[in-house]
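Just input-v7.cif here, mmCIF, C-alpha atoms:
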data_run
#
loop_
_atom_site.label_atom_id
_atom_site.label_comp_id
_atom_site.auth_asym_id
_atom_site.auth_seq_id
_atom_site.Cartn_x
_atom_site.Cartn_y
_atom_site.Cartn_z
CA MET A 1 14.96 -28.66 16.73
CA PRO A 2 11.76 -26.58 16.94
CA THR A 3 9.36 -27.68 19.68
CA ASN A 4 5.69 -28.39 19.10
CA ASP A 5 4.82 -25.12 20.86
CA HIS A 6 7.14 -23.18 18.52
CA ARG A 7 5.64 -24.83 15.43
CA ALA A 8 2.15 -24.06 16.72
CA ARG A 9 3.05 -20.38 17.21
CA VAL A 10 4.50 -20.19 13.70
CA LEU A 11 1.36 -21.73 12.21
CA ARG A 12 -0.87 -19.34 14.14
CA ARG A 13 1.21 -16.38 12.97
CA GLN A 14 1.11 -17.59 9.37
CA GLY A 15 -2.65 -18.03 9.59
CA ALA A 16 -3.11 -14.51 10.93
CA VAL A 17 -0.97 -13.02 8.14
CA ALA A 18 -2.91 -15.00 5.53
CA VAL A 19 -6.24 -13.69 6.88
CA LEU A 20 -5.00 -10.07 6.90
CA ARG A 21 -3.75 -10.38 3.32
CA HIS A 22 -7.06 -11.89 2.23
CA VAL A 23 -9.08 -9.11 3.88
CA HIS A 24 -6.80 -6.46 2.36
CA ALA A 25 -7.07 -7.94 -1.13
CA HIS A 26 -10.84 -8.56 -0.92
CA PRO A 27 -12.60 -5.61 0.76
CA GLY A 28 -16.02 -6.60 2.04
CA THR A 29 -15.04 -10.24 2.55
CA THR A 30 -16.83 -12.24 5.23
CA ARG A 31 -15.50 -14.78 7.69
CA ALA A 32 -17.20 -17.50 5.61
CA ASP A 33 -15.35 -16.20 2.51
CA VAL A 34 -12.07 -16.50 4.42
CA VAL A 35 -12.91 -20.10 5.37
CA ARG A 36 -13.52 -20.99 1.73
CA GLY A 37 -10.70 -18.89 0.27
CA LEU A 38 -7.96 -20.07 2.64
CA GLY A 39 -9.20 -23.56 3.36
CA LEU A 40 -9.55 -22.93 7.10
CA SER A 41 -11.95 -24.58 9.46
CA SER A 42 -14.70 -22.42 10.92
CA GLY A 43 -13.11 -22.78 14.34
CA SER A 44 -9.67 -21.68 13.12
CA ALA A 45 -11.14 -18.69 11.30
CA ALA A 46 -13.05 -17.64 14.43
CA ASP A 47 -9.94 -18.03 16.61
CA ILE A 48 -7.72 -16.04 14.23
CA THR A 49 -10.35 -13.32 13.89
CA SER A 50 -10.66 -13.00 17.67
CA ARG A 51 -6.90 -12.63 18.07
CA LEU A 52 -6.70 -10.01 15.31
CA LYS A 53 -9.55 -8.07 16.91
CA ARG A 54 -7.71 -8.06 20.26
CA LEU A 55 -4.62 -6.75 18.46
CA ARG A 56 -6.74 -4.01 16.81
CA LEU A 57 -5.77 -5.21 13.34
CA LEU A 58 -9.29 -5.90 12.11
CA ASP A 59 -12.87 -5.91 13.30
CA GLU A 60 -16.21 -7.48 12.40
CA ALA A 61 -19.34 -5.77 11.09
CA ASP A 62 -22.84 -7.06 10.43
CA SER A 63 -23.35 -8.33 6.89
CA PRO A 64 -26.49 -7.45 4.92
CA PRO A 65 -29.19 -10.13 4.86
CA THR A 66 -28.63 -12.80 2.21
CA GLY A 67 -32.11 -14.32 2.21
CA GLU A 68 -30.64 -17.64 3.35
CA ARG A 69 -31.39 -19.42 6.61
CA GLY A 70 -29.26 -18.61 9.61
CA ARG A 71 -27.31 -15.56 10.67
CA PRO A 72 -25.14 -14.01 7.91
CA SER A 73 -21.41 -14.43 8.37
CA PRO A 74 -19.84 -11.19 9.71
CA THR A 75 -17.90 -8.94 7.34
CA LEU A 76 -14.23 -8.45 8.23
CA VAL A 77 -13.25 -4.77 8.17
CA ALA A 78 -10.39 -2.50 9.21
CA HIS A 79 -10.26 -1.77 12.93
CA LEU A 80 -11.11 1.82 13.87
CA ARG A 81 -7.77 2.01 15.70
CA GLY A 82 -5.87 -0.19 13.28
CA PRO A 83 -2.64 0.51 11.38
CA LEU A 84 -2.47 3.13 8.63
CA VAL A 85 -0.18 3.89 5.70
CA CYS A 86 0.65 7.37 4.45
CA ALA A 87 0.77 7.26 0.64
CA VAL A 88 2.55 10.09 -1.21
CA ASP A 89 2.23 10.59 -4.97
CA ILE A 90 4.70 12.95 -6.68
CA SER A 91 4.09 13.82 -10.34
CA HIS A 92 5.77 16.47 -12.47
CA GLU A 93 3.19 19.13 -11.52
CA ARG A 94 1.15 17.87 -8.58
CA TRP A 95 1.36 16.02 -5.29
CA GLN A 96 -1.09 13.99 -3.26
CA VAL A 97 -0.87 12.75 0.32
CA SER A 98 -3.39 10.10 1.40
CA VAL A 99 -3.91 7.97 4.49
CA ALA A 100 -5.14 4.42 3.85
CA GLU A 101 -6.32 1.62 6.13
CA LEU A 102 -6.52 -2.15 5.72
CA GLY A 103 -8.40 -2.88 2.50
CA SER A 104 -7.18 0.43 0.98
CA GLY A 105 -10.04 2.48 2.38
CA MET A 106 -9.18 6.21 2.37
CA VAL A 107 -9.14 7.86 5.80
CA GLU A 108 -8.09 11.25 4.44
CA ARG A 109 -6.62 12.80 1.30
CA ASP A 110 -4.97 16.10 0.39
CA SER A 111 -3.53 17.31 -2.91
CA GLY A 112 -2.14 20.36 -4.65
CA ARG A 113 0.31 21.74 -7.20
CA HIS A 114 4.03 22.22 -6.74
CA ALA A 115 4.90 25.85 -6.05
CA SER A 116 8.34 25.02 -7.42
CA ARG A 117 10.07 21.97 -8.91
CA ARG A 118 13.13 22.41 -6.72
CA SER A 119 13.56 19.14 -4.84
CA ASP A 120 14.23 20.82 -1.49
CA GLU A 121 11.06 22.90 -1.74
CA VAL A 122 8.85 20.03 -2.94
CA LEU A 123 10.15 17.65 -0.26
CA GLY A 124 9.96 20.34 2.42
CA ASP A 125 6.28 20.89 1.60
CA LEU A 126 5.54 17.15 1.60
CA GLN A 127 7.58 16.56 4.75
CA GLU A 128 5.36 19.01 6.59
CA ARG A 129 2.25 17.12 5.49
CA VAL A 130 3.65 13.69 6.33
CA ASN A 131 4.68 14.94 9.77
CA GLY A 132 1.12 16.21 10.19
CA VAL A 133 -0.18 12.69 9.48
CA ARG A 134 2.19 11.31 12.10
CA GLN A 135 0.96 13.84 14.65
CA ARG A 136 -2.70 13.00 13.97
CA TYR A 137 -2.11 9.22 14.09
CA PRO A 138 0.98 8.80 16.32
CA ARG A 139 0.31 5.18 17.28
CA ARG A 140 -1.29 4.02 14.05
CA LEU A 141 1.08 5.12 11.28
CA GLY A 142 2.92 1.98 10.15
CA ALA A 143 4.69 3.08 6.96
CA VAL A 144 5.12 5.80 4.35
CA SER A 145 4.85 4.78 0.70
CA VAL A 146 5.93 7.10 -2.13
CA ALA A 147 5.09 6.83 -5.84
CA VAL A 148 7.18 9.13 -8.02
CA ALA A 149 7.26 9.75 -11.77
CA GLY A 150 10.87 8.76 -12.26
CA THR A 151 13.52 6.07 -11.95
CA VAL A 152 14.06 5.02 -8.34
CA ARG A 153 16.62 2.97 -6.46
CA GLY A 154 15.92 2.28 -2.83
CA THR A 155 14.72 5.56 -1.32
CA LYS A 156 16.44 7.72 -3.96
CA VAL A 157 15.05 9.22 -7.17
CA VAL A 158 17.82 8.50 -9.67
CA GLN A 159 16.19 10.56 -12.39
CA ALA A 160 12.84 12.30 -12.86
CA SER A 161 12.78 14.09 -16.21
CA GLY A 162 9.52 15.96 -15.61
CA LEU A 163 10.77 17.36 -12.30
CA ARG A 164 14.37 17.78 -13.51
CA TRP A 165 15.56 15.78 -10.51
CA ARG A 166 18.67 13.63 -10.37
CA ASP A 167 19.94 11.64 -7.38
CA VAL A 168 17.40 13.07 -4.92
CA SER A 169 16.98 11.25 -1.59
CA LEU A 170 13.41 10.91 -0.29
CA GLU A 171 14.60 10.21 3.28
CA PRO A 172 13.10 13.56 4.44
CA LEU A 173 9.69 11.89 4.02
CA ARG A 174 10.51 9.33 6.73
CA PRO A 175 8.88 11.00 9.77
CA ARG A 176 10.86 9.04 12.36
CA PRO A 177 13.82 6.63 12.35
CA GLY A 178 12.85 3.01 11.84
CA LEU A 179 9.50 3.71 10.18
CA PRO A 180 9.41 1.89 6.81
CA LEU A 181 9.78 4.20 3.79
CA LEU A 182 8.83 2.43 0.55
CA VAL A 183 9.51 4.14 -2.79
CA GLY A 184 8.48 3.02 -6.27
CA ASN A 185 7.94 4.23 -9.81
CA ASP A 186 4.40 5.53 -10.25
CA ALA A 187 3.68 3.58 -13.45
CA THR A 188 4.91 0.32 -11.90
CA LEU A 189 2.82 0.79 -8.77
CA ALA A 190 -0.25 1.78 -10.80
CA GLY A 191 0.17 -1.32 -12.95
CA LEU A 192 0.44 -3.56 -9.89
CA ALA A 193 -2.71 -1.99 -8.45
CA GLU A 194 -4.65 -2.57 -11.67
CA ALA A 195 -3.40 -6.15 -11.93
CA ARG A 196 -4.15 -7.07 -8.34
CA ARG A 197 -7.30 -5.09 -7.60
CA GLY A 198 -8.45 -3.26 -10.73
CA ALA A 199 -9.32 -3.99 -14.33
CA GLY A 200 -6.75 -6.78 -14.66
CA LYS A 201 -7.42 -8.68 -11.45
CA HIS A 202 -8.79 -11.72 -13.30
CA ALA A 203 -5.96 -11.81 -15.88
CA ARG A 204 -2.69 -13.68 -15.45
CA VAL A 205 -0.69 -11.25 -17.62
CA VAL A 206 -1.30 -7.48 -17.58
CA LEU A 207 0.47 -4.79 -19.61
CA HIS A 208 -0.13 -1.38 -18.06
CA VAL A 209 0.83 1.79 -19.95
CA ILE A 210 0.60 5.43 -18.81
CA VAL A 211 0.68 8.20 -21.41
CA ALA A 212 0.91 11.72 -19.95
CA VAL A 213 3.79 14.14 -20.33
CA GLY A 214 5.84 10.99 -20.89
CA VAL A 215 5.33 7.28 -21.36
CA GLY A 216 5.69 4.67 -18.65
CA GLY A 217 4.43 1.21 -17.92
CA VAL A 218 5.01 -2.24 -16.56
CA LEU A 219 4.38 -5.88 -17.41
CA VAL A 220 2.75 -7.79 -14.55
CA VAL A 221 2.66 -11.60 -14.51
CA ASP A 222 0.75 -13.46 -11.80
CA GLY A 223 0.51 -10.25 -9.76
CA VAL A 224 4.27 -9.59 -9.83
CA ALA A 225 6.03 -6.83 -11.80
CA VAL A 226 8.47 -8.37 -14.26
CA ASP A 227 11.86 -6.64 -14.12
CA GLY A 228 15.18 -6.89 -15.88
CA THR A 229 16.42 -9.67 -13.61
CA THR A 230 13.95 -12.06 -15.21
CA GLY A 231 15.29 -11.40 -18.69
CA ALA A 232 12.01 -9.88 -19.85
CA GLY A 233 12.69 -6.23 -19.01
CA GLY A 234 9.15 -5.63 -17.77
CA GLU A 235 9.37 -2.01 -16.57
CA PHE A 236 9.77 0.65 -19.20
CA GLY A 237 9.23 4.33 -19.58
CA HIS A 238 10.55 7.63 -18.27
CA LEU A 239 10.36 8.79 -21.91
CA PRO A 240 9.50 12.53 -22.09
CA PHE A 241 7.45 13.99 -24.90
CA GLY A 242 8.09 17.23 -26.73
CA ASP A 243 10.77 19.86 -26.33
CA PRO A 244 12.78 19.15 -23.14
CA ALA A 245 13.42 22.92 -22.79
#
Same coordinates, now as structure tokens:
Amino acid sequence: MPTNDHRARVLRRQGAVAVLRHVHAHPGTTRADVVRGLGLSSGSAADITSRLKRLRLLDEADSPPTGERGRPSPTLVAHLRGPLVCAVDISHERWQVSVAELGSGMVERDSGRHASRRSDEVLGDLQERVNGVRQRYPRRLGAVSVAVAGTVRGTKVVQASGLRWRDVSLEPLRPRPGLPLLVGNDATLAGLAEARRGAGKHARVVLHVIVAVGVGGVLVVDGVAVDGTTGAGGEFGHLPFGDPA
């Protein structure tokens, strides 16, 4: 049976995770906002914040004056030495490699056009850039996330009509063993972003559609992408336009 000390550690860990998620989802939030949003006491919020600062997961910054009495509650921000994610976007013609911090702030961004659509050449070019990110932030890089215009399963592109790819592994973009490599369809990820942080953040149900060289989209309910396992078949797309030749 779990001891009281074990239960206390679990609760502290859960509280820290909840605060990090709140800060990530609400850039510019203050400690007072966290108290109200998560139902914490002021003391608990201060204790959790102090522990996360010691772990270099977040930091505090002065908030602008509010005109109210008393000192403004500090704003919770990404730590200058905190964890980072390398985000890779692969479309049929272009690529983009970005580095994001807690709250989705951009640390750096690079982009360009594919010199070739051959999977080995595209991935070799991107692998070089992802490895460069790892070299610049060796202790801070926590994951690589890839959005690709195609059907994905695990870390493999099953089919990408615009790139003429089939059964292409994206494992070359994992810069070291054990580092999380997360891969998703670009339309699905864009729809989730709009539903959670963009134009649809106040709506319970969001239908996101992308029309470019093909059509893609996703149905998002309560911030979660609906998929075929729910019976609703929420993700759709990978439908090319025009002459496939």
Here's the selection I'm unsure about, the PyMOL selection byres ((chain A and resi 59-63) around 9); applied to the file above, which residues does it give, as a PDB file with C-alpha atoms, keeping the file's coordinate frame?
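Generated output (selection16.pdb):
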ATOM      1  CA  GLY A  28     -16.020  -6.600   2.040  1.00  0.00           C
ATOM      2  CA  THR A  30     -16.830 -12.240   5.230  1.00  0.00           C
ATOM      3  CA  ARG A  31     -15.500 -14.780   7.690  1.00  0.00           C
ATOM      4  CA  THR A  49     -10.350 -13.320  13.890  1.00  0.00           C
ATOM      5  CA  SER A  50     -10.660 -13.000  17.670  1.00  0.00           C
ATOM      6  CA  LEU A  52      -6.700 -10.010  15.310  1.00  0.00           C
ATOM      7  CA  LYS A  53      -9.550  -8.070  16.910  1.00  0.00           C
ATOM      8  CA  ARG A  54      -7.710  -8.060  20.260  1.00  0.00           C
ATOM      9  CA  ARG A  56      -6.740  -4.010  16.810  1.00  0.00           C
ATOM     10  CA  LEU A  57      -5.770  -5.210  13.340  1.00  0.00           C
ATOM     11  CA  LEU A  58      -9.290  -5.900  12.110  1.00  0.00           C
ATOM     12  CA  PRO A  64     -26.490  -7.450   4.920  1.00  0.00           C
ATOM     13  CA  PRO A  65     -29.190 -10.130   4.860  1.00  0.00           C
ATOM     14  CA  THR A  66     -28.630 -12.800   2.210  1.00  0.00           C
ATOM     15  CA  PRO A  72     -25.140 -14.010   7.910  1.00  0.00           C
ATOM     16  CA  SER A  73     -21.410 -14.430   8.370  1.00  0.00           C
ATOM     17  CA  PRO A  74     -19.840 -11.190   9.710  1.00  0.00           C
ATOM     18  CA  THR A  75     -17.900  -8.940   7.340  1.00  0.00           C
ATOM     19  CA  LEU A  76     -14.230  -8.450   8.230  1.00  0.00           C
ATOM     20  CA  VAL A  77     -13.250  -4.770   8.170  1.00  0.00           C
ATOM     21  CA  ALA A  78     -10.390  -2.500   9.210  1.00  0.00           C
ATOM     22  CA  HIS A  79     -10.260  -1.770  12.930  1.00  0.00           C
ATOM     23  CA  LEU A  80     -11.110   1.820  13.870  1.00  0.00           C
TER      24      LEU A  80
END
Kindly indicate which residue among A:Arg129, A:Arg117, A:Arg140, A:His24 lies nearest to A:Ser104, using only C-alpha atoms for the distances.
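Distance minimum relative to A:Ser104 lands on A:His24.
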Name the residues that the PyMOL selection byres ((chain A and resi 159) around 12) pulls out of this structure, and write them as a list in words.
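Residues picked by the PyMOL selection byres ((chain A and resi 159) around 12): His92, Ser119, Val148, Ala149, Gly150, Thr151, Val152, Arg153, Lys156, Val157, Val158, Ala160, Ser161, Gly162, Leu163, Arg164, Trp165, Arg166, Asp167, Val168, Ser169, Asn185, Gly237, His238, Leu239 and Pro240 of chain A.
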Taking into account all atoms listed in the file, which residue in the set A:Leu102, A:Val146, A:Ala187, A:Val206 is nearest to A:Ala25?
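Answer, going by the shortest atom-to-atom distance: A:Leu102.
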How would you write, as an MDAnalysis selection string, the residues chosen by the PyMOL selection byres ((chain A and resi 195) around 9) on this structure?
chainID A and resid 190:194 196:208 220:224
Within 12 Å of A:Ala18, counting all atoms listed in the file, which residues qualify if same-chain residues fewer than 3 places away don't, as number ranges by chain?
A: 11-15, 21-25, 34-35, 37-40, 45, 48-49, 52
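Comparing the minimum interatomic distances between A:Leu20 and each of A:Ser42, A:Arg134, A:Gly112, A:Gly103, counting only C-alpha atoms, we find that A:Gly103 sits nearest.
Atom CA of A:Leu84 is positioned 4.8 Å from atom CA of A:Glu101.
Remark: for A:Val88, the closest of the candidate residues A:Arg118, A:Arg109, A:Arg9, A:Arg71 is A:Arg109 (distances computed over all atoms listed in the file).
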Select, from A:Leu123, A:Val133, A:Ala32, A:Ile90, the residue with the minimum atom-to-atom distance to A:Asp186, counting all atoms listed in the file.
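Answer, going by the shortest atom-to-atom distance: A:Ile90.
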Rounded to one decimal in Å, what is the spacing between atom CA of A:Leu126 and atom CA of A:Trp95?
8.1 Å
Gap from atom CA of A:Ser44 to atom CA of A:Ala100 - Å, one decimal
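These two atoms are separated by 28.1 Å.
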Would you please work out which residue, of A:Leu170, A:Val226, A:Leu179, A:Ala87, is nearest to A:Ala147 when using all atoms listed in the file?
A:Ala87
